[in-house]
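Chemist: Below are the structure tokens for one structure; questions will follow.
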Protein chains: 2
Amino acid sequence: MENIKEYMQQVGQSARAASRIMAQAETAVKNRALTEIAAQLLNQSASLLLANEQDVAAARASGLDAASVDRLTLTVKTVQGMAEGLLQIAQLPDLIGAITDLNFRPSGIQVGKMRVPLGVIGIIYESRPNVTADAAGLCLKSGNAAILRGGSEAIHSNQAIAACVHAGLKAAGLPETAVQVVATTDRAAVGELITLKDYVDVIVPRGGKSLIARITEEARVPVIKHLDGICHVYIDDEADLLKAIRIADNAKTHRYGVCNAMETLLIAHKVADEVLLPLSRIYIDKGVELRGDAAACARVPSMTLATDEDWRTEYLAPILSVKIVADMDEAIEHIRLYSSQHTDTIVTENYSRALRFLREVDSSSVMVNASTRFADGFEYGLGAEIGISTDKIHARGPVGLEGLTSQKYIVLGSGQIRI
Amino acid sequence: MENIKEYMQQVGQSARAASRIMAQAETAVKNRALTEIAAQLLNQSASLLLANEQDVAAARASGLDAASVDRLTLTVKTVQGMAEGLLQIAQLPDLIGAITDLNFRPSGIQVGKMRVPLGVIGIIYESRPNVTADAAGLCLKSGNAAILRGGSEAIHSNQAIAACVHAGLKAAGLPETAVQVVATTDRAAVGELITLKDYVDVIVPRGGKSLIARITEEARVPVIKHLDGICHVYIDDEADLLKAIRIADNAKTHRYGVCNAMETLLIAHKVADEVLLPLSRIYIDKGVELRGDAAACARVPSMTLATDEDWRTEYLAPILSVKIVADMDEAIEHIRLYSSQHTDTIVTENYSRALRFLREVDSSSVMVNASTRFADGFEYGLGAEIGISTDKIHARGPVGLEGLTSQKYIVLGSGQIRI
């Protein structure tokens with residue numbers, strides 16, 4: 001492509017124009033598009049898998065690591081998963097146009113809020129091609145236009161999925177430009193996309209920490225993001241220890257490579273012996289490497305001493321940091337210093353401490369007696385999520401359809417003037 | 001001041017530390033601080049006015065324009081107004097800690113949202129010293145810490161008000177660093193403030209368009225802002241013409257220098273003669289200069305031809321642009337092209353058009369049969385406003401206490417793990 005800047009301007013303009021039509025699209029039309037896209041994906045799965053094989057072969061040839069090749073690879077099952085995801089999004093309620101809080105004011109005007117789409121969402125992601133279908137579906141249902149920029153290694157897969165999306169939009173009578181997949185693998189396109197202030201309302205980056213940090217640094221458009229998930233479980237001295245062990249086990253070992261997995265376990269001194277011995281056996285059996293402070297190491301022979309860097313690290317791996325704390329205050333202070341404000345849990349039966357932990361821990365999800373693994377759009381009932389935000393502005397925590405919308409004020413008058 | 005960067009880092013750190021205490025402060029304590037600050041302002045009004053006289057004298061000597069000197073000047077009445085404003089904020093409900101939507105999920109966990117402060121709010125404003133008290137009050141009530149940077153011409157007034165704020169905070173047992181007024185007039189302090197990513201959660205600039213544009217361009221912290229208010233009134237051919245004339249008169253002439261004043265009047269061709277003749281007489285009587293398209297000029301002899309620049313201009317003055325349009329579609333298209341997405345009104349008795357206008361006009365406030373002048377935090381029932389946002393992210397329209405808060409997810413479990 002010769003002129004990336006001009007091309008991205010064109011993409012932005014088309015998206016802005018399409019966003020106006022999408023904002024007015026009726027629920028049934030949006031749902032029809034979602035259903036048609038799902039049908040297209042299933043009908044075209046053979047050609048999707050062929051396009052994906054091209055990407056996978058090229059990725060292997062270029063020496064991409066096995067985990068990335070794995071994320072890149074589509075199967076009949078993942079294609080079915082994409083289609084099912086779209087059908088689920090079709091079944092979610094349409095938030096757009098909803099009017100709330102329409103109250104009369106002393107002046108006689110009636111003031112309320114109407115939910116509206118944000119406009120144009122730019123999504124930048126890495127190797128998983130299924131994000132193309134998920135993100136398109138969420139943006140479409142929430143009345144937005146989308147500009148999708150997937151990883152260059154997935155370009156054929158993404159274009160093949162985009163063809164299905166376009167066919168579905170067309171079948172429903174919606175503009176194909178409502179979902180555009182950036183057609184160049186040139187990295188300069190990302191730099192353009194995140195500075196298209198006139199055409200893009202928000203950027204959602206999905207991928208590794210370095211990608212997200214770079215985008216946040218360079219973007220001139222608001223970004224909905226989370227950088228990392230350094231999640232904590234604090235086992236209080238008034239915890240139900242059976243619950244505590246179940247939760248601490250699950251939060252670490254249910255899945256290792258996810259942002260809502262526990263990375264640091266904090267245990268109240270009083271129950272350290274009772275909890276740490278059975279728990280460490282579970283972890284060691286499951287192959288989890290343990291790193292702890294001196295007090296924890298003294299209790300578990302195979303544990304190595306944690307460095308300050310450990311408390312700051314999102315392992316995304318079978319490694320766990322363990323710290324013995326005097327009490328909840330020390331636990332909250334540790335979380336304040338080291339948490340990435342993603343998800344933190346207390347296990348306790350003490351009413352006052354549960355309330356204090358909920359209030360005082362400043363994270364996007366704060367839990368009592370539940371595994372951090374629940375921090376997820378599906379588990380929270382959002383239906384689907386486009387990402388998890390650890391920011392405080394606009395959306396915090398799992399971001400579903402509502403996070404892709406805004407509210408404007410509406411005023412119903414009967415001739416009122418200001419006096 | 002020798003090292004602005006170091007000083008602002010120190011201010012930021014202190015604000016962050018204070019914000020943790022403010023976030024946990026009880027409603028009664030925050031209200032006591034507000035009441036004490038109000039009492040201090042009244043008790044200290046003589047010294048406030050003396051400090052202000054110093055600023056006013058310096059401003060006059062430096063040749064500041066009369067309007068700015070006027071905004072800078074405090075009187076016994078404005079000091080009373082500040083105190084009353086704080087007492088009103090004390091009476092508003094405390095939103096912090098409110099838990100909503102606490103619903104059980106199939107997994108057995110109960111998921112809800114808790115309202116929390118944003119943390120540290122940076123407010124940058126120009127000559128009006130009363131913003132110091134208003135902004136401090138709103139940030140305090142919403143559990144935030146504030147860093148206030150007023151105009152250099154108001155430095156003595158702002159420091160005197162800050163002394164009252166600190167005395168009030170101290171009397172209530174809250175940290176004085178919860179509200180800091182930047183103690184230097186060096187402009188470099190603004191540049192530091194808007195890039196303090198670790199210590200400032202949001203910047204609210206209040207002032208002229210160029211100030212806000214510059215801050216938005218250079219900030220590395222989210223900004224809640226509106227650049228300008230190019231507000232429209234569209235008089236539909238099915239309007240009640242008496243309402244139309246009252247609203248178009250009020251929206252323009254009630255106050256000229258405010259962001260929610262009408263700058264452009266759009267009139268449906270069918271009713272142009274009936275509406276424009278009486279309205280133009282009203283405007284001319286009140287000294288409003290009229291600029292119109294050819295069709296409008298043909299009807300009003302004293303009207304001059306509007307340029308494309310006129311449709312894009314926030315006059316903030318007794319000047320009005322007038323355009324005759326074929327129908328509502330043309331009006332909406334004109335608004336789409338020229339509105340600053342602040343506030344736009346339709347006057348019509350037609351049900352379908354009223355609903356279409358509400359849905360299709362993408363502004364922070366959209367009205368039917370009411371004056372644009374109602375777009376205001378007090379009129380909307382927010383109690384007070386820190387500004388009006390024409391952005392879509394986070395807060396849109398008048399921003400009151402809620403706009404200075406966020407919501408985190410809370411999960412109440414009873415030992416649940418993810419399976």
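Here's how to read the names in the structure tokens: chain A, B, ... by the order shown, residue numbers from 1 in each chain, ligand numbers from 1 in the order shown.
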Could you name the residues that touch Ala38 (chain A) at 7 Å or less, counting only C-alpha atoms, but leaving out those on the same chain fewer than 5 positions away, as a list of chain:residue names?

Modeler: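 After dropping sequence-adjacent residues, the list is A:Ala83, A:Leu86, A:Leu87.
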
Chemist: Name all residues at most 12 Å from Ala298 (chain A) (count only C-alpha atoms; drop same-chain ones fewer than 4 positions away) and give them as a ChimeraX atom specification.

Modeler: /A:272-273,276-277,291-294,302-305,322-324

Chemist: For Thr390 (chain A), please output as a list in words all residues within 6 Å (counting only C-alpha atoms; exclusion window: fewer than 5 positions along the same chain).

Modeler: His226, His342, Ser364 and Arg396 of chain A

Chemist: Can I get the residues of chain B within 8 Å of chain A, each with the closest pair of atoms and their distance in Å to one decimal, using only C-alpha atoms, sorted chain first then ascending number, as JSON lines?

Modeler:
```
{"residue": "B:Gln24", "atom": "CA", "partner": "A:Glu360", "partner_atom": "CA", "distance": 7.1}
{"residue": "B:Gly97", "atom": "CA", "partner": "A:Arg359", "partner_atom": "CA", "distance": 7.1}
{"residue": "B:Arg105", "atom": "CA", "partner": "A:Gly381", "partner_atom": "CA", "distance": 7.0}
{"residue": "B:Ser107", "atom": "CA", "partner": "A:Glu379", "partner_atom": "CA", "distance": 7.7}
{"residue": "B:Ile109", "atom": "CA", "partner": "A:Ala370", "partner_atom": "CA", "distance": 7.3}
{"residue": "B:Val111", "atom": "CA", "partner": "A:Tyr380", "partner_atom": "CA", "distance": 6.3}
{"residue": "B:Leu118", "atom": "CA", "partner": "A:Lys392", "partner_atom": "CA", "distance": 6.3}
{"residue": "B:Asp201", "atom": "CA", "partner": "A:Lys392", "partner_atom": "CA", "distance": 7.8}
{"residue": "B:Val202", "atom": "CA", "partner": "A:Ile393", "partner_atom": "CA", "distance": 7.9}
{"residue": "B:Pro222", "atom": "CA", "partner": "A:Ile393", "partner_atom": "CA", "distance": 7.6}
{"residue": "B:Lys243", "atom": "CA", "partner": "A:Gly415", "partner_atom": "CA", "distance": 5.0}
{"residue": "B:Ala244", "atom": "CA", "partner": "A:Gly415", "partner_atom": "CA", "distance": 7.5}
{"residue": "B:Arg246", "atom": "CA", "partner": "A:Ile417", "partner_atom": "CA", "distance": 7.0}
{"residue": "B:Ile247", "atom": "CA", "partner": "A:Ile417", "partner_atom": "CA", "distance": 5.8}
{"residue": "B:Asn250", "atom": "CA", "partner": "A:Ile417", "partner_atom": "CA", "distance": 6.0}
{"residue": "B:Ala251", "atom": "CA", "partner": "A:Ile417", "partner_atom": "CA", "distance": 7.6}
{"residue": "B:His254", "atom": "CA", "partner": "A:Arg418", "partner_atom": "CA", "distance": 7.4}
{"residue": "B:Leu358", "atom": "CA", "partner": "A:Ile410", "partner_atom": "CA", "distance": 6.9}
{"residue": "B:Arg359", "atom": "CA", "partner": "A:Gly97", "partner_atom": "CA", "distance": 7.1}
{"residue": "B:Glu360", "atom": "CA", "partner": "A:Gln24", "partner_atom": "CA", "distance": 7.1}
{"residue": "B:Ser363", "atom": "CA", "partner": "A:Lys408", "partner_atom": "CA", "distance": 6.9}
{"residue": "B:Ser364", "atom": "CA", "partner": "A:Lys408", "partner_atom": "CA", "distance": 4.9}
{"residue": "B:Ser365", "atom": "CA", "partner": "A:Tyr409", "partner_atom": "CA", "distance": 4.6}
{"residue": "B:Val366", "atom": "CA", "partner": "A:Ile410", "partner_atom": "CA", "distance": 4.9}
{"residue": "B:Met367", "atom": "CA", "partner": "A:Val411", "partner_atom": "CA", "distance": 4.5}
{"residue": "B:Val368", "atom": "CA", "partner": "A:Leu412", "partner_atom": "CA", "distance": 5.2}
{"residue": "B:Asn369", "atom": "CA", "partner": "A:Gly413", "partner_atom": "CA", "distance": 4.7}
{"residue": "B:Ala370", "atom": "CA", "partner": "A:Gly413", "partner_atom": "CA", "distance": 4.9}
{"residue": "B:Ser371", "atom": "CA", "partner": "A:Ile417", "partner_atom": "CA", "distance": 5.1}
{"residue": "B:Arg373", "atom": "CA", "partner": "A:Arg418", "partner_atom": "CA", "distance": 6.2}
{"residue": "B:Phe374", "atom": "CA", "partner": "A:Arg418", "partner_atom": "CA", "distance": 6.5}
{"residue": "B:Glu379", "atom": "CA", "partner": "A:Arg105", "partner_atom": "CA", "distance": 7.3}
{"residue": "B:Tyr380", "atom": "CA", "partner": "A:Val111", "partner_atom": "CA", "distance": 6.3}
{"residue": "B:Gly381", "atom": "CA", "partner": "A:Arg105", "partner_atom": "CA", "distance": 7.0}
{"residue": "B:Lys392", "atom": "CA", "partner": "A:Ser406", "partner_atom": "CA", "distance": 5.9}
{"residue": "B:Ile393", "atom": "CA", "partner": "A:His394", "partner_atom": "CA", "distance": 5.7}
{"residue": "B:His394", "atom": "CA", "partner": "A:His394", "partner_atom": "CA", "distance": 3.6}
{"residue": "B:Ala395", "atom": "CA", "partner": "A:His394", "partner_atom": "CA", "distance": 7.3}
{"residue": "B:Arg396", "atom": "CA", "partner": "A:Lys408", "partner_atom": "CA", "distance": 6.1}
{"residue": "B:Gly397", "atom": "CA", "partner": "A:Tyr409", "partner_atom": "CA", "distance": 6.6}
{"residue": "B:Ser406", "atom": "CA", "partner": "A:Lys392", "partner_atom": "CA", "distance": 5.9}
{"residue": "B:Gln407", "atom": "CA", "partner": "A:Arg396", "partner_atom": "CA", "distance": 6.7}
{"residue": "B:Lys408", "atom": "CA", "partner": "A:Ser364", "partner_atom": "CA", "distance": 4.9}
{"residue": "B:Tyr409", "atom": "CA", "partner": "A:Ser365", "partner_atom": "CA", "distance": 4.6}
{"residue": "B:Ile410", "atom": "CA", "partner": "A:Val366", "partner_atom": "CA", "distance": 4.9}
{"residue": "B:Val411", "atom": "CA", "partner": "A:Met367", "partner_atom": "CA", "distance": 4.5}
{"residue": "B:Leu412", "atom": "CA", "partner": "A:Val368", "partner_atom": "CA", "distance": 5.2}
{"residue": "B:Gly413", "atom": "CA", "partner": "A:Asn369", "partner_atom": "CA", "distance": 4.7}
{"residue": "B:Ser414", "atom": "CA", "partner": "A:Asn369", "partner_atom": "CA", "distance": 5.3}
{"residue": "B:Gly415", "atom": "CA", "partner": "A:Asn369", "partner_atom": "CA", "distance": 4.8}
{"residue": "B:Gln416", "atom": "CA", "partner": "A:Ala370", "partner_atom": "CA", "distance": 4.9}
{"residue": "B:Ile417", "atom": "CA", "partner": "A:Ser371", "partner_atom": "CA", "distance": 5.1}
{"residue": "B:Arg418", "atom": "CA", "partner": "A:Arg373", "partner_atom": "CA", "distance": 6.3}
{"residue": "B:Ile419", "atom": "CA", "partner": "A:His254", "partner_atom": "CA", "distance": 7.8}
```

Chemist: Neighbouring residues of Leu266 (chain A) were defined as those with any atom within 9 Å, considering only C-alpha atoms; residues of the same chain fewer than 3 positions away were excluded. Please report them as a PyMOL selection string.

Modeler: chain A and resi 232-236+321-325+331+334

Chemist: Mind pulling up the distance from CA of Asp134 (chain A) to CA of Lys30 (chain A)?

Modeler: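 Between CA of Lys30 (chain A) and CA of Asp134 (chain A) the gap works out to 14.4 Å.
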
Chemist: Please run DSSP on the backbone and report, as a short mmCIF file (atom, residue, chain, number, x, y, z; two decimals) with N, CA and C atoms, in the first residue's frame, all residues within region 40-156 of chain A that come out as strand (DSSP E or B).

Modeler:
```cif
data_model
loop_
_atom_site.label_atom_id
_atom_site.label_comp_id
_atom_site.auth_asym_id
_atom_site.auth_seq_id
_atom_site.Cartn_x
_atom_site.Cartn_y
_atom_site.Cartn_z
N ILE A 99 -34.18 4.90 27.37
CA ILE A 99 -34.29 6.18 28.08
C ILE A 99 -34.52 5.89 29.56
N THR A 100 -33.72 6.54 30.40
CA THR A 100 -33.85 6.30 31.84
C THR A 100 -33.94 7.62 32.59
N ASP A 101 -34.43 7.54 33.82
CA ASP A 101 -34.42 8.67 34.75
C ASP A 101 -35.10 9.90 34.19
N LEU A 102 -36.20 9.71 33.50
CA LEU A 102 -36.88 10.85 32.88
C LEU A 102 -37.77 11.53 33.93
N ASN A 103 -37.18 12.50 34.60
CA ASN A 103 -37.87 13.14 35.73
C ASN A 103 -38.21 14.60 35.44
N PHE A 104 -39.34 15.03 35.97
CA PHE A 104 -39.71 16.44 35.86
C PHE A 104 -38.86 17.29 36.79
N GLN A 110 -38.73 17.98 31.44
CA GLN A 110 -38.50 16.62 31.90
C GLN A 110 -37.12 16.21 31.37
N VAL A 111 -36.23 15.83 32.27
CA VAL A 111 -34.84 15.56 31.89
C VAL A 111 -34.53 14.08 32.08
N GLY A 112 -33.95 13.46 31.09
CA GLY A 112 -33.56 12.07 31.21
C GLY A 112 -32.30 11.79 30.42
N LYS A 113 -31.96 10.52 30.34
CA LYS A 113 -30.77 10.13 29.60
C LYS A 113 -31.14 9.09 28.56
N MET A 114 -30.55 9.20 27.39
CA MET A 114 -30.76 8.20 26.34
C MET A 114 -29.43 7.53 26.02
N ARG A 115 -29.46 6.20 25.98
CA ARG A 115 -28.20 5.49 25.71
C ARG A 115 -27.91 5.49 24.21
N VAL A 116 -26.70 5.84 23.87
CA VAL A 116 -26.30 5.98 22.46
C VAL A 116 -24.96 5.28 22.23
N PRO A 117 -24.69 4.90 20.99
CA PRO A 117 -23.39 4.28 20.71
C PRO A 117 -22.27 5.30 20.87
N VAL A 120 -17.40 5.20 16.60
CA VAL A 120 -16.46 4.33 15.89
C VAL A 120 -15.46 3.76 16.90
N ILE A 121 -15.36 2.44 16.94
CA ILE A 121 -14.46 1.75 17.87
C ILE A 121 -13.30 1.18 17.06
N GLY A 122 -12.09 1.49 17.45
CA GLY A 122 -10.92 0.87 16.83
C GLY A 122 -10.40 -0.23 17.72
N ILE A 123 -10.25 -1.43 17.17
CA ILE A 123 -9.78 -2.55 17.99
C ILE A 123 -8.48 -3.09 17.40
N ILE A 124 -7.48 -3.17 18.25
CA ILE A 124 -6.15 -3.60 17.82
C ILE A 124 -5.83 -4.85 18.62
N TYR A 125 -5.56 -5.94 17.92
CA TYR A 125 -5.37 -7.19 18.64
C TYR A 125 -4.27 -8.01 17.99
N ALA A 145 -19.73 1.55 14.60
CA ALA A 145 -18.91 1.04 13.50
C ALA A 145 -17.57 0.61 14.09
N ALA A 146 -16.93 -0.36 13.45
CA ALA A 146 -15.67 -0.89 13.98
C ALA A 146 -14.59 -0.86 12.92
N ILE A 147 -13.39 -0.53 13.37
CA ILE A 147 -12.19 -0.68 12.54
C ILE A 147 -11.31 -1.68 13.26
N LEU A 148 -11.08 -2.81 12.61
CA LEU A 148 -10.36 -3.90 13.27
C LEU A 148 -8.97 -4.02 12.68
N ARG A 149 -7.97 -4.08 13.55
CA ARG A 149 -6.60 -4.26 13.09
C ARG A 149 -6.03 -5.46 13.82
#
```

Chemist: Calculate how many Å separate CA of Val29 (chain B) from CA of Ala172 (chain B), rounding to one decimal.

Modeler: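 Atom-to-atom, CA of Val29 (chain B) to CA of Ala172 (chain B), that is 6.0 Å.
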
Chemist: Mind the document's chain letters and residue numbers, and return as a ChimeraX atom specification the residues of region 132-230 of chain A that DSSP labels alpha helix (DSSP H).

Modeler: /A:132-141,155-171,188-193,209-218

Chemist: Can you list, as a VMD selection string, every protein, DNA or RNA residue that comes within 12 Å of Arg60 (chain A) when you count only C-alpha atoms, leaving out same-chain residues fewer than 6 positions away?

Modeler: chain A and resid 53 to 54 66 to 70 72 to 73 153

Chemist: Taking C-alpha atoms for each residue, export the selection above as a JSON list (two decimals), in the first residue's frame.

Modeler:
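And here's again08.json as it stands now:
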```json
[["chain", "number", "residue", "atom", "x", "y", "z"],
["A", 53, "GLU", "CA", -3.77, -22.70, 7.00],
["A", 54, "GLN", "CA", -1.99, -20.15, 4.82],
["A", 66, "ALA", "CA", 4.33, -22.49, 19.43],
["A", 67, "ALA", "CA", 1.96, -20.65, 21.80],
["A", 68, "SER", "CA", 1.35, -17.93, 19.22],
["A", 69, "VAL", "CA", 0.85, -20.49, 16.43],
["A", 70, "ASP", "CA", -1.64, -22.21, 18.71],
["A", 72, "LEU", "CA", -3.49, -18.32, 15.52],
["A", 73, "THR", "CA", -4.88, -21.72, 14.53],
["A", 153, "GLU", "CA", 0.33, -13.05, 10.97]]
```

Chemist: Could you jot down the CA of Gln9 (chain A) to CA of Asp198 (chain A) separation for me, Å, one decimal place?

Modeler: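 We find that CA of Gln9 (chain A) and CA of Asp198 (chain A) lie 9.4 Å from each other.
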
Chemist: What's the 8 Å shell around Ile215 (chain B), counting only C-alpha atoms, without same-chain residues fewer than 4 positions away, as a ChimeraX atom specification?

Modeler: /B:194,205,211,219

Chemist: Using only C-alpha atoms, can you tell me which of A:Gly137, A:Val271, A:Ile284, A:Ala57 comes closest to Asp327 (chain A)?

Modeler: A:Val271

Chemist: Can you pull out the residues contacting Gln180 (chain B)? Cut-off 12 Å, using only C-alpha atoms, and skip same-chain residues under 2 positions away; I want them as a count of residues only.

Modeler: 43
